[in-house]
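Next up, target.cif (mmCIF, C-alpha atoms and all ligand atoms):
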data_structure
#
loop_
_atom_site.label_atom_id
_atom_site.label_comp_id
_atom_site.auth_asym_id
_atom_site.auth_seq_id
_atom_site.Cartn_x
_atom_site.Cartn_y
_atom_site.Cartn_z
CA MET A 47 -39.98 84.11 14.70
CA ASP A 48 -39.60 87.66 13.44
CA SER A 49 -39.36 90.36 16.06
CA LYS A 50 -42.99 91.44 15.57
CA GLN A 51 -44.47 87.98 15.91
CA ARG A 52 -45.33 86.89 19.46
CA VAL A 53 -46.18 83.28 20.22
CA TYR A 54 -48.66 82.43 22.95
CA MET A 55 -51.82 80.35 23.28
CA ASN A 56 -55.19 81.99 23.93
CA GLN A 57 -55.05 83.35 27.46
CA GLY A 58 -57.51 83.24 30.35
CA GLN A 59 -60.23 80.75 31.26
CA GLY A 60 -62.92 81.82 28.77
CA GLU A 61 -64.70 79.84 26.08
CA THR A 62 -61.95 80.38 23.48
CA SER A 63 -59.00 79.94 25.88
CA TYR A 64 -56.30 77.29 25.56
CA ALA A 65 -57.25 76.22 29.08
CA ARG A 66 -60.72 75.20 27.82
CA ASN A 67 -59.67 73.94 24.38
CA SER A 68 -56.71 71.66 24.89
CA SER A 69 -58.26 68.24 25.50
CA ILE A 70 -56.74 66.92 22.26
CA GLN A 71 -53.27 67.84 23.55
CA SER A 72 -54.19 66.38 26.95
CA ALA A 73 -54.86 63.02 25.27
CA GLN A 74 -51.37 63.26 23.73
CA GLN A 75 -49.87 63.94 27.16
CA ASN A 76 -51.51 60.76 28.50
CA ARG A 77 -49.52 58.79 25.96
CA MET A 78 -46.32 60.06 27.58
CA LYS A 79 -47.28 58.73 31.02
CA SER A 80 -45.43 55.41 30.83
CA LEU A 81 -42.28 57.12 29.47
CA VAL A 82 -42.29 59.70 32.29
CA GLU A 83 -42.86 56.96 34.88
CA ALA A 84 -40.02 54.85 33.45
CA ALA A 85 -37.69 57.88 33.50
CA ILE A 86 -38.55 58.49 37.17
CA VAL A 87 -37.95 54.84 38.11
CA GLY A 88 -34.55 55.08 36.38
CA LEU A 89 -33.67 58.26 38.25
CA CYS A 90 -34.93 57.02 41.62
CA SER A 91 -32.94 53.82 41.30
CA ASN A 92 -29.76 55.75 40.56
CA PRO A 93 -27.45 55.88 43.63
CA ASN A 94 -26.39 59.45 42.74
CA THR A 95 -29.97 60.72 42.96
CA LEU A 96 -30.52 58.86 46.21
CA LEU A 97 -27.34 60.28 47.69
CA SER A 98 -28.21 63.87 46.84
CA GLY A 99 -31.67 63.51 48.46
CA LYS A 100 -33.26 65.97 46.03
CA MET A 101 -34.78 65.99 42.58
CA ALA A 102 -35.68 68.83 40.24
CA ILE A 103 -38.15 68.34 37.41
CA ALA A 104 -39.23 70.85 34.78
CA ASP A 105 -41.88 71.10 32.05
CA LEU A 106 -40.92 73.33 29.14
CA GLY A 107 -43.68 75.00 27.09
CA CYS A 108 -46.24 74.32 29.83
CA SER A 109 -48.84 76.84 28.55
CA SER A 110 -51.94 77.38 30.72
CA GLY A 111 -54.89 75.34 31.94
CA PRO A 112 -54.97 71.75 33.18
CA ASN A 113 -52.23 70.54 30.80
CA ALA A 114 -49.63 72.85 32.36
CA LEU A 115 -49.17 70.61 35.38
CA ALA A 116 -50.11 67.25 33.86
CA LEU A 117 -46.62 65.89 33.18
CA VAL A 118 -44.99 67.16 36.37
CA SER A 119 -47.92 65.68 38.35
CA ILE A 120 -47.30 62.28 36.74
CA ALA A 121 -43.61 62.60 37.68
CA VAL A 122 -44.34 63.64 41.29
CA GLU A 123 -46.77 60.76 41.76
CA ALA A 124 -44.23 58.31 40.31
CA ILE A 125 -41.55 59.58 42.73
CA HIS A 126 -43.96 59.26 45.63
CA ASN A 127 -44.99 55.70 44.65
CA HIS A 128 -41.42 54.58 44.12
CA PHE A 129 -40.24 55.58 47.58
CA LEU A 130 -43.44 54.34 49.22
CA GLN A 131 -42.85 50.94 47.64
CA PHE A 132 -39.37 50.73 49.15
CA GLN A 133 -40.51 52.36 52.39
CA GLN A 134 -37.86 55.04 52.08
CA PRO A 135 -38.28 58.76 52.68
CA PRO A 136 -38.80 60.55 49.34
CA PRO A 137 -36.29 63.15 48.19
CA GLU A 138 -37.09 66.86 48.29
CA VAL A 139 -38.72 67.67 44.96
CA CYS A 140 -38.50 70.94 43.09
CA VAL A 141 -41.07 71.49 40.28
CA LEU A 142 -40.39 74.18 37.67
CA LEU A 143 -42.57 75.29 34.78
CA ASN A 144 -41.45 77.25 31.74
CA ASP A 145 -43.09 79.05 28.85
CA LEU A 146 -42.57 82.25 26.88
CA PRO A 147 -43.14 85.52 28.79
CA ASP A 148 -46.49 86.21 27.04
CA ASN A 149 -47.94 82.95 28.37
CA ASP A 150 -50.81 83.31 30.84
CA PHE A 151 -49.17 82.11 34.08
CA ASN A 152 -51.93 83.41 36.40
CA VAL A 153 -53.81 80.21 37.15
CA VAL A 154 -50.70 78.10 36.61
CA VAL A 155 -49.11 79.78 39.63
CA LYS A 156 -52.13 78.99 41.82
CA ASN A 157 -52.17 75.37 40.66
CA LEU A 158 -48.46 75.08 41.42
CA VAL A 159 -49.07 76.22 44.99
CA ALA A 160 -51.87 73.64 45.27
CA LEU A 161 -49.50 70.94 44.00
CA GLN A 162 -46.95 71.94 46.60
CA GLN A 163 -49.51 71.85 49.40
CA THR A 164 -51.05 68.50 48.51
CA ASN A 165 -47.98 66.52 47.46
CA GLU A 166 -45.64 65.82 50.29
CA PRO A 167 -42.32 65.44 48.49
CA VAL A 168 -42.78 68.73 46.60
CA CYS A 169 -41.08 71.44 48.58
CA VAL A 170 -40.23 74.07 45.98
CA THR A 171 -42.15 75.22 42.91
CA GLY A 172 -41.40 77.95 40.44
CA ILE A 173 -42.08 79.59 37.11
CA VAL A 174 -39.17 80.17 34.75
CA PRO A 175 -40.27 82.45 31.92
CA GLY A 176 -38.18 82.53 28.74
CA SER A 177 -37.45 80.66 25.54
CA PHE A 178 -36.40 77.05 25.76
CA TYR A 179 -33.97 77.90 22.97
CA GLU A 180 -31.99 79.86 25.60
CA ARG A 181 -30.44 78.86 28.92
CA LEU A 182 -33.15 78.65 31.59
CA PHE A 183 -31.66 76.77 34.57
CA PRO A 184 -28.31 76.55 36.38
CA SER A 185 -25.94 73.92 35.07
CA GLY A 186 -26.30 70.42 36.47
CA SER A 187 -29.48 71.33 38.35
CA LEU A 188 -32.26 69.29 36.70
CA HIS A 189 -33.02 65.57 36.93
CA LEU A 190 -35.96 65.35 34.51
CA VAL A 191 -37.07 67.63 31.67
CA CYS A 192 -40.51 67.09 30.09
CA SER A 193 -42.15 68.88 27.21
CA SER A 194 -45.35 68.13 25.31
CA ASN A 195 -46.77 69.56 22.09
CA SER A 196 -44.31 72.48 22.09
CA LEU A 197 -41.03 71.72 20.34
CA GLN A 198 -42.57 71.98 16.88
CA TRP A 199 -42.51 75.77 17.45
CA LEU A 200 -39.40 77.28 15.90
CA SER A 201 -37.34 80.09 17.39
CA LYS A 202 -37.73 82.05 14.17
CA VAL A 203 -38.14 81.61 10.45
CA GLY A 204 -35.22 83.93 9.75
CA LYS A 205 -34.41 84.42 6.10
CA LEU A 206 -37.76 82.99 5.07
CA ASN A 207 -39.33 86.33 5.82
CA HIS A 208 -38.87 87.44 2.23
CA ILE A 209 -40.24 84.19 0.78
CA SER A 210 -43.94 83.73 0.95
CA ALA A 211 -44.40 80.49 2.83
CA TYR A 212 -47.94 79.70 1.86
CA ASP A 213 -49.09 81.19 -1.42
CA PHE A 214 -52.76 81.40 -2.38
CA ASP A 215 -51.88 80.23 -5.88
CA GLU A 216 -51.47 76.47 -5.62
CA HIS A 217 -49.11 76.29 -8.59
CA ILE A 218 -46.72 78.88 -7.14
CA ARG A 219 -47.00 77.22 -3.75
CA ARG A 220 -46.06 73.79 -5.13
CA GLU A 221 -43.13 75.24 -7.11
CA ARG A 222 -41.77 77.06 -4.11
CA LEU A 223 -42.34 74.26 -1.66
CA PRO A 224 -38.96 72.47 -1.83
CA VAL A 225 -37.08 75.69 -1.00
CA VAL A 226 -39.48 76.69 1.76
CA ALA A 227 -39.70 73.22 3.29
CA ALA A 228 -35.90 72.87 3.26
CA ALA A 229 -35.51 76.22 5.01
CA TYR A 230 -38.02 75.23 7.73
CA ALA A 231 -36.24 71.87 8.13
CA ARG A 232 -32.88 73.67 8.50
CA GLN A 233 -34.29 76.00 11.13
CA PHE A 234 -35.80 73.07 13.03
CA ARG A 235 -32.47 71.22 12.99
CA LYS A 236 -30.68 74.31 14.29
CA ASP A 237 -33.26 74.91 17.03
CA PHE A 238 -33.55 71.32 18.19
CA THR A 239 -29.77 70.91 18.26
CA ARG A 240 -29.52 74.03 20.40
CA PHE A 241 -32.31 72.77 22.68
CA LEU A 242 -30.41 69.51 23.23
CA LYS A 243 -27.10 71.28 23.94
CA LEU A 244 -28.69 73.64 26.47
CA ARG A 245 -30.61 70.92 28.29
CA ALA A 246 -27.50 68.72 28.40
CA LYS A 247 -25.79 71.53 30.35
CA GLU A 248 -28.72 71.94 32.72
CA LEU A 249 -29.32 68.26 33.49
CA VAL A 250 -27.35 66.28 36.10
CA PRO A 251 -25.20 63.42 34.79
CA GLU A 252 -27.56 60.63 33.68
CA GLY A 253 -30.44 63.10 33.74
CA GLN A 254 -33.51 62.24 31.67
CA MET A 255 -35.71 63.97 29.18
CA VAL A 256 -39.16 62.96 27.84
CA VAL A 257 -40.57 65.07 25.03
CA SER A 258 -43.39 64.86 22.51
CA LEU A 259 -43.97 67.01 19.47
CA VAL A 260 -46.18 67.13 16.45
CA GLY A 261 -44.42 65.50 13.52
CA ARG A 262 -45.08 64.03 10.11
CA ARG A 263 -45.42 60.43 9.06
CA SER A 264 -43.40 60.58 5.87
CA ASP A 265 -39.61 60.69 5.82
CA LYS A 266 -39.77 62.69 2.60
CA LEU A 267 -39.41 66.42 3.02
CA ALA A 268 -42.88 67.76 3.69
CA THR A 269 -45.32 67.84 0.82
CA GLU A 270 -46.73 70.84 2.62
CA ILE A 271 -44.38 73.08 4.61
CA SER A 272 -45.69 71.86 7.86
CA TYR A 273 -48.69 69.75 8.64
CA VAL A 274 -48.54 71.26 12.08
CA TRP A 275 -50.33 74.31 10.83
CA GLY A 276 -51.55 72.93 7.51
CA THR A 277 -55.21 72.79 8.55
CA ALA A 278 -55.14 76.35 9.87
CA ALA A 279 -53.54 77.46 6.58
CA GLN A 280 -56.20 75.57 4.57
CA ILE A 281 -58.96 77.35 6.47
CA LEU A 282 -57.28 80.71 5.87
CA GLY A 283 -56.94 79.74 2.19
CA VAL A 284 -60.70 79.13 1.96
CA MET A 285 -61.29 82.49 3.67
CA ALA A 286 -59.00 84.19 1.14
CA SER A 287 -60.81 82.55 -1.80
CA GLU A 288 -64.18 83.68 -0.39
CA GLY A 289 -62.92 87.24 0.09
CA MET A 290 -63.04 87.23 3.88
CA ILE A 291 -59.34 88.02 4.06
CA ASP A 292 -56.97 89.73 1.67
CA LYS A 293 -55.12 87.31 -0.67
CA LYS A 294 -51.90 89.35 -0.44
CA LYS A 295 -52.04 89.19 3.35
CA PHE A 296 -52.57 85.46 3.11
CA ASP A 297 -49.48 85.15 0.90
CA SER A 298 -47.28 86.85 3.49
CA PHE A 299 -48.55 84.84 6.45
CA TYR A 300 -46.55 82.07 8.09
CA ILE A 301 -46.43 80.22 11.35
CA PRO A 302 -43.00 79.41 12.77
CA ALA A 303 -43.64 75.70 13.29
CA TYR A 304 -42.23 72.55 11.74
CA GLY A 305 -43.15 68.89 12.14
CA PRO A 306 -40.17 66.55 11.70
CA SER A 307 -40.39 62.84 10.92
CA ALA A 308 -39.26 60.41 13.65
CA LYS A 309 -36.22 59.52 11.52
CA GLU A 310 -35.28 63.19 11.07
CA LEU A 311 -35.46 63.67 14.84
CA ARG A 312 -33.35 60.57 15.50
CA VAL A 313 -30.63 61.80 13.13
CA ILE A 314 -30.51 65.22 14.83
CA ILE A 315 -30.29 63.63 18.31
CA GLU A 316 -27.56 61.21 17.24
CA GLU A 317 -25.53 63.90 15.47
CA GLU A 318 -25.74 66.28 18.43
CA GLY A 319 -24.52 63.48 20.68
CA SER A 320 -25.39 64.66 24.23
CA PHE A 321 -28.19 62.12 24.69
CA SER A 322 -28.87 58.49 23.98
CA ILE A 323 -32.36 57.50 22.88
CA THR A 324 -34.04 55.21 25.41
CA GLU A 325 -37.26 54.96 23.44
CA MET A 326 -38.85 56.60 20.44
CA GLN A 327 -42.46 56.20 19.31
CA ALA A 328 -44.51 57.71 16.50
CA HIS A 329 -48.26 57.49 17.05
CA ASP A 330 -51.13 58.24 14.74
CA TYR A 331 -52.36 61.57 15.96
CA ALA A 332 -55.91 60.34 16.41
CA THR A 333 -55.62 56.63 17.14
CA GLY A 334 -56.89 55.65 20.55
CA MET A 335 -58.34 59.09 21.10
CA ASP A 336 -61.96 59.56 22.03
CA ARG A 337 -63.65 60.33 18.66
CA ALA A 338 -65.81 62.90 20.47
CA LEU A 339 -62.63 64.99 20.78
CA LEU A 340 -62.25 65.12 17.02
CA THR A 341 -65.45 66.78 15.78
CA PRO A 342 -64.98 69.62 13.26
CA ASN A 343 -66.20 72.05 15.94
CA ARG A 344 -63.69 70.81 18.51
CA ILE A 345 -60.81 70.86 16.01
CA ALA A 346 -61.67 74.38 14.80
CA ASN A 347 -61.82 75.65 18.38
CA THR A 348 -58.54 73.91 19.27
CA LEU A 349 -56.90 75.61 16.27
CA ARG A 350 -58.34 78.89 17.44
CA ALA A 351 -56.94 78.45 20.95
CA ILE A 352 -53.49 77.74 19.54
CA PHE A 353 -53.25 80.13 16.60
CA GLU A 354 -55.57 83.05 17.43
CA PRO A 355 -52.85 85.38 18.76
CA ILE A 356 -50.60 84.81 15.75
CA ILE A 357 -53.47 85.01 13.21
CA VAL A 358 -54.94 88.16 14.77
CA GLN A 359 -51.51 89.86 14.83
CA HIS A 360 -51.44 89.44 11.04
CA PHE A 361 -55.07 89.60 9.84
CA GLY A 362 -56.96 91.42 12.60
CA GLU A 363 -60.13 90.14 14.30
CA ILE A 364 -61.25 87.30 12.01
CA MET A 365 -61.52 84.44 14.46
CA ASP A 366 -65.30 83.93 14.58
CA GLU A 367 -65.28 83.57 10.76
CA PHE A 368 -62.20 81.36 11.07
CA VAL A 369 -64.06 78.91 13.32
CA ARG A 370 -67.23 78.97 11.16
CA THR A 371 -65.23 78.41 7.96
CA GLY A 372 -63.09 75.78 9.70
CA GLU A 373 -66.09 73.76 10.83
CA LYS A 374 -67.56 73.80 7.32
CA HIS A 375 -64.24 72.98 5.65
CA LEU A 376 -63.46 70.13 8.07
CA SER A 377 -66.96 68.63 7.70
CA LEU A 378 -66.65 68.70 3.89
CA GLN A 379 -63.15 67.26 4.04
CA ARG A 380 -64.33 64.47 6.32
CA SER A 381 -67.24 63.49 4.07
CA SER A 382 -64.98 63.33 1.00
CA GLN A 383 -62.16 61.47 2.76
CA VAL A 384 -61.41 58.00 1.42
CA GLU A 385 -61.81 55.37 4.15
CA GLY A 386 -58.42 54.14 5.42
CA THR A 387 -56.42 57.20 4.24
CA GLU A 388 -53.46 57.67 6.56
CA ASP A 389 -53.24 60.90 8.52
CA PRO A 390 -49.99 62.67 7.53
CA ILE A 391 -49.59 63.96 11.11
CA VAL A 392 -48.06 61.82 13.83
CA MET A 393 -47.13 62.50 17.41
CA VAL A 394 -43.45 61.78 18.00
CA LEU A 395 -42.52 60.77 21.55
CA VAL A 396 -38.93 60.40 22.62
CA SER A 397 -37.30 59.45 25.89
CA LEU A 398 -33.65 60.46 26.25
CA ALA A 399 -30.89 59.88 28.77
CA LYS A 400 -27.93 62.22 29.08
CA ALA A 401 -24.99 60.31 27.61
C1 LIG A 501 -49.56 73.80 22.15
S1 LIG A 501 -48.89 74.49 23.59
C2 LIG A 501 -48.55 73.05 24.54
C3 LIG A 501 -48.84 73.26 25.98
C4 LIG A 501 -48.81 72.02 26.86
N1 LIG A 501 -47.46 71.54 27.03
C5 LIG A 501 -49.70 70.93 26.30
O1 LIG A 501 -49.20 69.85 25.98
O2 LIG A 501 -50.91 71.16 26.21
C6 LIG A 501 -47.27 75.00 23.09
C7 LIG A 501 -46.59 75.90 24.11
O3 LIG A 501 -45.21 76.05 23.76
C8 LIG A 501 -44.85 77.37 24.08
N2 LIG A 501 -43.62 77.73 23.36
C9 LIG A 501 -43.46 77.90 22.02
N3 LIG A 501 -42.19 78.27 21.76
C10 LIG A 501 -41.55 78.30 22.97
C11 LIG A 501 -40.22 78.62 23.36
N4 LIG A 501 -39.30 78.98 22.45
N5 LIG A 501 -39.91 78.58 24.67
C12 LIG A 501 -40.84 78.24 25.60
N6 LIG A 501 -42.12 77.93 25.29
C13 LIG A 501 -42.46 77.96 23.99
C14 LIG A 501 -46.06 78.19 23.64
O4 LIG A 501 -46.06 79.46 24.23
C15 LIG A 501 -47.19 77.30 24.13
O5 LIG A 501 -47.63 77.64 25.40
#
Now, as a test, write the supplied structure out as structure tokens.
Ligand SMILES: C[S@@+](CC[C@H](N)C(=O)[O-])C[C@H]1O[C@@H](n2cnc3c(N)ncnc32)[C@H](O)[C@@H]1O
Amino acid sequence: MDSKQRVYMNQGQGETSYARNSSIQSAQQNRMKSLVEAAIVGLCSNPNTLLSGKMAIADLGCSSGPNALALVSIAVEAIHNHFLQFQQPPPEVCVLLNDLPDNDFNVVVKNLVALQQTNEPVCVTGIVPGSFYERLFPSGSLHLVCSSNSLQWLSKVGKLNHISAYDFDEHIRRERLPVVAAAYARQFRKDFTRFLKLRAKELVPEGQMVVSLVGRRSDKLATEISYVWGTAAQILGVMASEGMIDKKKFDSFYIPAYGPSAKELRVIIEEEGSFSITEMQAHDYATGMDRALLTPNRIANTLRAIFEPIIVQHFGEIMDEFVRTGEKHLSLQRSSQVEGTEDPIVMVLVSLAKA
């Protein structure tokens, strides 16, 4: 991201906070449960883990609210159940949470303390602020790394700063798209490769990693730069056409996020070479999700909780109009949608073992 752009989700516990508007992401985390449990069983059955008598698990891009501890709680419970089943004493467990320094860690810290007090094998907890595109932990110190809904965020969009990523004029936008999409794809490849290299250093031998990120269904280079923020961009486009925001400002706006296809991700992982893929899944974003979670109002407020800081940094205070326009736009879109049309967004889940 450029030096002026700061990424964080809406802070606090209020009506517009990420904490209160992340149930869609929570449903995605639930889909990772069996992969996290399988990774823990693998680790707990490994003689090296048993010998060391300790395990360290970390969630990267934890954000705030109930989702921040969801994956590590699944892991802690799985550790507890495993050792209970074999009537063995559990190892000492260290739980670490990471996000960027602007993240609201206030309540997260309190919830971490509660986790420590109510879960017997957890003896150490901690917050590790910083970018997951940098080193965060000592080498060979982690057993399991989890991350949900976060790795679609890029470290920066670099040279793209002088190319308008999302032009108001549809013709210009379509013409420019191949160059822009290729640049985002390149940045994603660079970032994800770096992420893998860093985590490979920080994990113990045979350490595990379970991550999910927003991706795209098609293997073709995106027909929009990134579906990850496509809906937010569409809403801003409507606002620009109705004069609520300046068209020039709209042209220079971008969000540093990219949704890869499952195949694209597989190629990057295989080329980097530090991990073998235990399992990879690509789910429809909405399938199996409670439809009540997907009302236009809920989606518009979820987009607000995710993108408000970045939108306000660029356009100023426009978020109430953003939600109103979003609700209207999404309702219209829904009523004109052809039954059976496939959603271009998928959730990509991947379970990795350090090679
Ligand atoms: C949509 S939230 C996901 C939060 C939570 N894991 C969930 O599933 O609900 C994405 C999080 O990734 C964090 N993030 C983005 N880029 C990051 C980076 N380079 N390093 C660490 N965290 C990052 C954001 O600050 C944000 O809190």
**Message:** Given all atoms listed in the file as the basis, pick out the residue of A:Met55, A:Val250, A:Leu142, A:Leu223 nearest to Asn94 (chain A).
**Reply:** A:Val250
**Prompt:** Which neighbours of region 341-347 of chain A fall inside 10 Å, counting all atoms listed in the file, when residues of the same chain fewer than 5 positions from it are skipped, and could you give them as a PyMOL selection string?
**Reply:** chain A and resi 61-64+66-70+277-278+281+352-354+365-366+368-380
**Asked** In terms of the shortest atom-to-atom distance over all atoms listed in the file, which of A:Ile301, A:Val392, A:Cys90, A:Ala286 is closest to ligand LIG 501 (chain A)?
**Response**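 Of A:Ile301, A:Val392, A:Cys90, A:Ala286, the one nearest ligand LIG 501 (chain A), counting all atoms listed in the file, is A:Ile301.
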**Request:** Could the residues that lie within 9 Å of ligand LIG 501 (chain A), counting only C-alpha atoms and all ligand atoms, be listed as a ChimeraX atom specification?
**Result:** /A:52-56,64-65,68-75,105-117,144-150,175-180,192-202,258-259,303,351-352
**Prompt:** Can you tell me how far CA of Glu138 (chain A) sits from CA of Met255 (chain A), in Å to one decimal?
**Reply:** 19.4 Å
**Item:** One-decimal distance in Å that lies between CA of Val153 (chain A) and CA of Gly58 (chain A)
**Value:**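 About the pair CA of Gly58 (chain A) and CA of Val153 (chain A): they are 8.3 Å apart.
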**Request:** Counting only C-alpha atoms, figure out which residue out of A:Leu349, A:Leu81, A:Lys266, A:Pro302 gets nearest to Pro224 (chain A).
**Result:** A:Lys266
**Message:** I'd like the interatomic distance between CA of Gly305 (chain A) and CA of Ala231 (chain A), to a tenth of an Å.
**Reply:**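 Value for the CA of Gly305 (chain A)-CA of Ala231 (chain A) distance: 8.5 Å.
With all atoms listed in the file as the atoms that count, the residue of A:Glu367, A:Glu252, A:Glu317, A:Asp389 with the shortest distance to Asp330 (chain A) is A:Asp389.
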**Complete:** If you count only C-alpha atoms, the residue of A:Met290, A:Leu395, A:Val87, A:Ile357 closest to Tyr331 (chain A) turns out to be A:Leu395
Could the centre and edge lengths of an axis-aligned box, enclosing all atoms of region 191-196 of chain A in the file with 6 Å extra on each side, be given in Å to one decimal as AutoDock Vina command-line options?
--center_x -41.9 --center_y 69.8 --center_z 26.9 --size_x 21.7 --size_y 17.4 --size_z 21.6
**Message:** I'd like the contact shell of Lys79 (chain A) - 9 Å cut-off, only C-alpha atoms, skipping same-chain residues fewer than 5 positions apart - returned as a ChimeraX atom specification.
**Reply:** /A:84,117,120-121
At a cut-off of 12 Å around the point (-43.2, 75.4, 42.1) (file coordinates), what residues fall inside when counting all atoms listed in the file? I'd like the answer as a PDB file with C-alpha atoms, in the coordinates of the input.
ATOM      1  CA  ALA A 102     -35.680  68.830  40.240  1.00  0.00           C
ATOM      2  CA  ILE A 103     -38.150  68.340  37.410  1.00  0.00           C
ATOM      3  CA  ALA A 104     -39.230  70.850  34.780  1.00  0.00           C
ATOM      4  CA  ASP A 105     -41.880  71.100  32.050  1.00  0.00           C
ATOM      5  CA  ALA A 114     -49.630  72.850  32.360  1.00  0.00           C
ATOM      6  CA  LEU A 115     -49.170  70.610  35.380  1.00  0.00           C
ATOM      7  CA  VAL A 118     -44.990  67.160  36.370  1.00  0.00           C
ATOM      8  CA  SER A 119     -47.920  65.680  38.350  1.00  0.00           C
ATOM      9  CA  VAL A 122     -44.340  63.640  41.290  1.00  0.00           C
ATOM     10  CA  VAL A 139     -38.720  67.670  44.960  1.00  0.00           C
ATOM     11  CA  CYS A 140     -38.500  70.940  43.090  1.00  0.00           C
ATOM     12  CA  VAL A 141     -41.070  71.490  40.280  1.00  0.00           C
ATOM     13  CA  LEU A 142     -40.390  74.180  37.670  1.00  0.00           C
ATOM     14  CA  LEU A 143     -42.570  75.290  34.780  1.00  0.00           C
ATOM     15  CA  ASN A 144     -41.450  77.250  31.740  1.00  0.00           C
ATOM     16  CA  VAL A 154     -50.700  78.100  36.610  1.00  0.00           C
ATOM     17  CA  VAL A 155     -49.110  79.780  39.630  1.00  0.00           C
ATOM     18  CA  LYS A 156     -52.130  78.990  41.820  1.00  0.00           C
ATOM     19  CA  ASN A 157     -52.170  75.370  40.660  1.00  0.00           C
ATOM     20  CA  LEU A 158     -48.460  75.080  41.420  1.00  0.00           C
ATOM     21  CA  VAL A 159     -49.070  76.220  44.990  1.00  0.00           C
ATOM     22  CA  ALA A 160     -51.870  73.640  45.270  1.00  0.00           C
ATOM     23  CA  LEU A 161     -49.500  70.940  44.000  1.00  0.00           C
ATOM     24  CA  GLN A 162     -46.950  71.940  46.600  1.00  0.00           C
ATOM     25  CA  GLN A 163     -49.510  71.850  49.400  1.00  0.00           C
ATOM     26  CA  ASN A 165     -47.980  66.520  47.460  1.00  0.00           C
ATOM     27  CA  PRO A 167     -42.320  65.440  48.490  1.00  0.00           C
ATOM     28  CA  VAL A 168     -42.780  68.730  46.600  1.00  0.00           C
ATOM     29  CA  CYS A 169     -41.080  71.440  48.580  1.00  0.00           C
ATOM     30  CA  VAL A 170     -40.230  74.070  45.980  1.00  0.00           C
ATOM     31  CA  THR A 171     -42.150  75.220  42.910  1.00  0.00           C
ATOM     32  CA  GLY A 172     -41.400  77.950  40.440  1.00  0.00           C
ATOM     33  CA  ILE A 173     -42.080  79.590  37.110  1.00  0.00           C
ATOM     34  CA  VAL A 174     -39.170  80.170  34.750  1.00  0.00           C
TER      35      VAL A 174
END
**Request:** Go through A:Ser307, A:Pro136, A:Ser80, A:Gly283 one by one, measure the shortest atom-to-atom distance of each to Leu96 (chain A) using all atoms listed in the file, and give the residue with the smallest value.
**Result:**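 Looking only at the distances to Leu96 (chain A), the closest residue turns out to be A:Pro136.
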**Request:** Could you pull out every residue with an atom within 10 Å of (-36.1, 63.8, 11.7), file coordinates, counting only C-alpha atoms, and send them as a VMD selection string?
**Result:** chain A and resid 231 234 to 235 261 to 262 264 to 267 305 to 315 394
Might you pull out every residue within 9 Å of Thr324 (chain A), with all atoms listed in the file counted and same-chain residues fewer than 5 positions away left off, and present them as an mmCIF file with C-alpha atoms, keeping the file's coordinate frame?
data_model
loop_
_atom_site.group_PDB
_atom_site.id
_atom_site.type_symbol
_atom_site.label_atom_id
_atom_site.label_comp_id
_atom_site.auth_asym_id
_atom_site.auth_seq_id
_atom_site.Cartn_x
_atom_site.Cartn_y
_atom_site.Cartn_z
ATOM 1 C CA VAL A 396 -38.930 60.400 22.620
ATOM 2 C CA SER A 397 -37.300 59.450 25.890
ATOM 3 C CA LEU A 398 -33.650 60.460 26.250
ATOM 4 C CA ALA A 399 -30.890 59.880 28.770
#
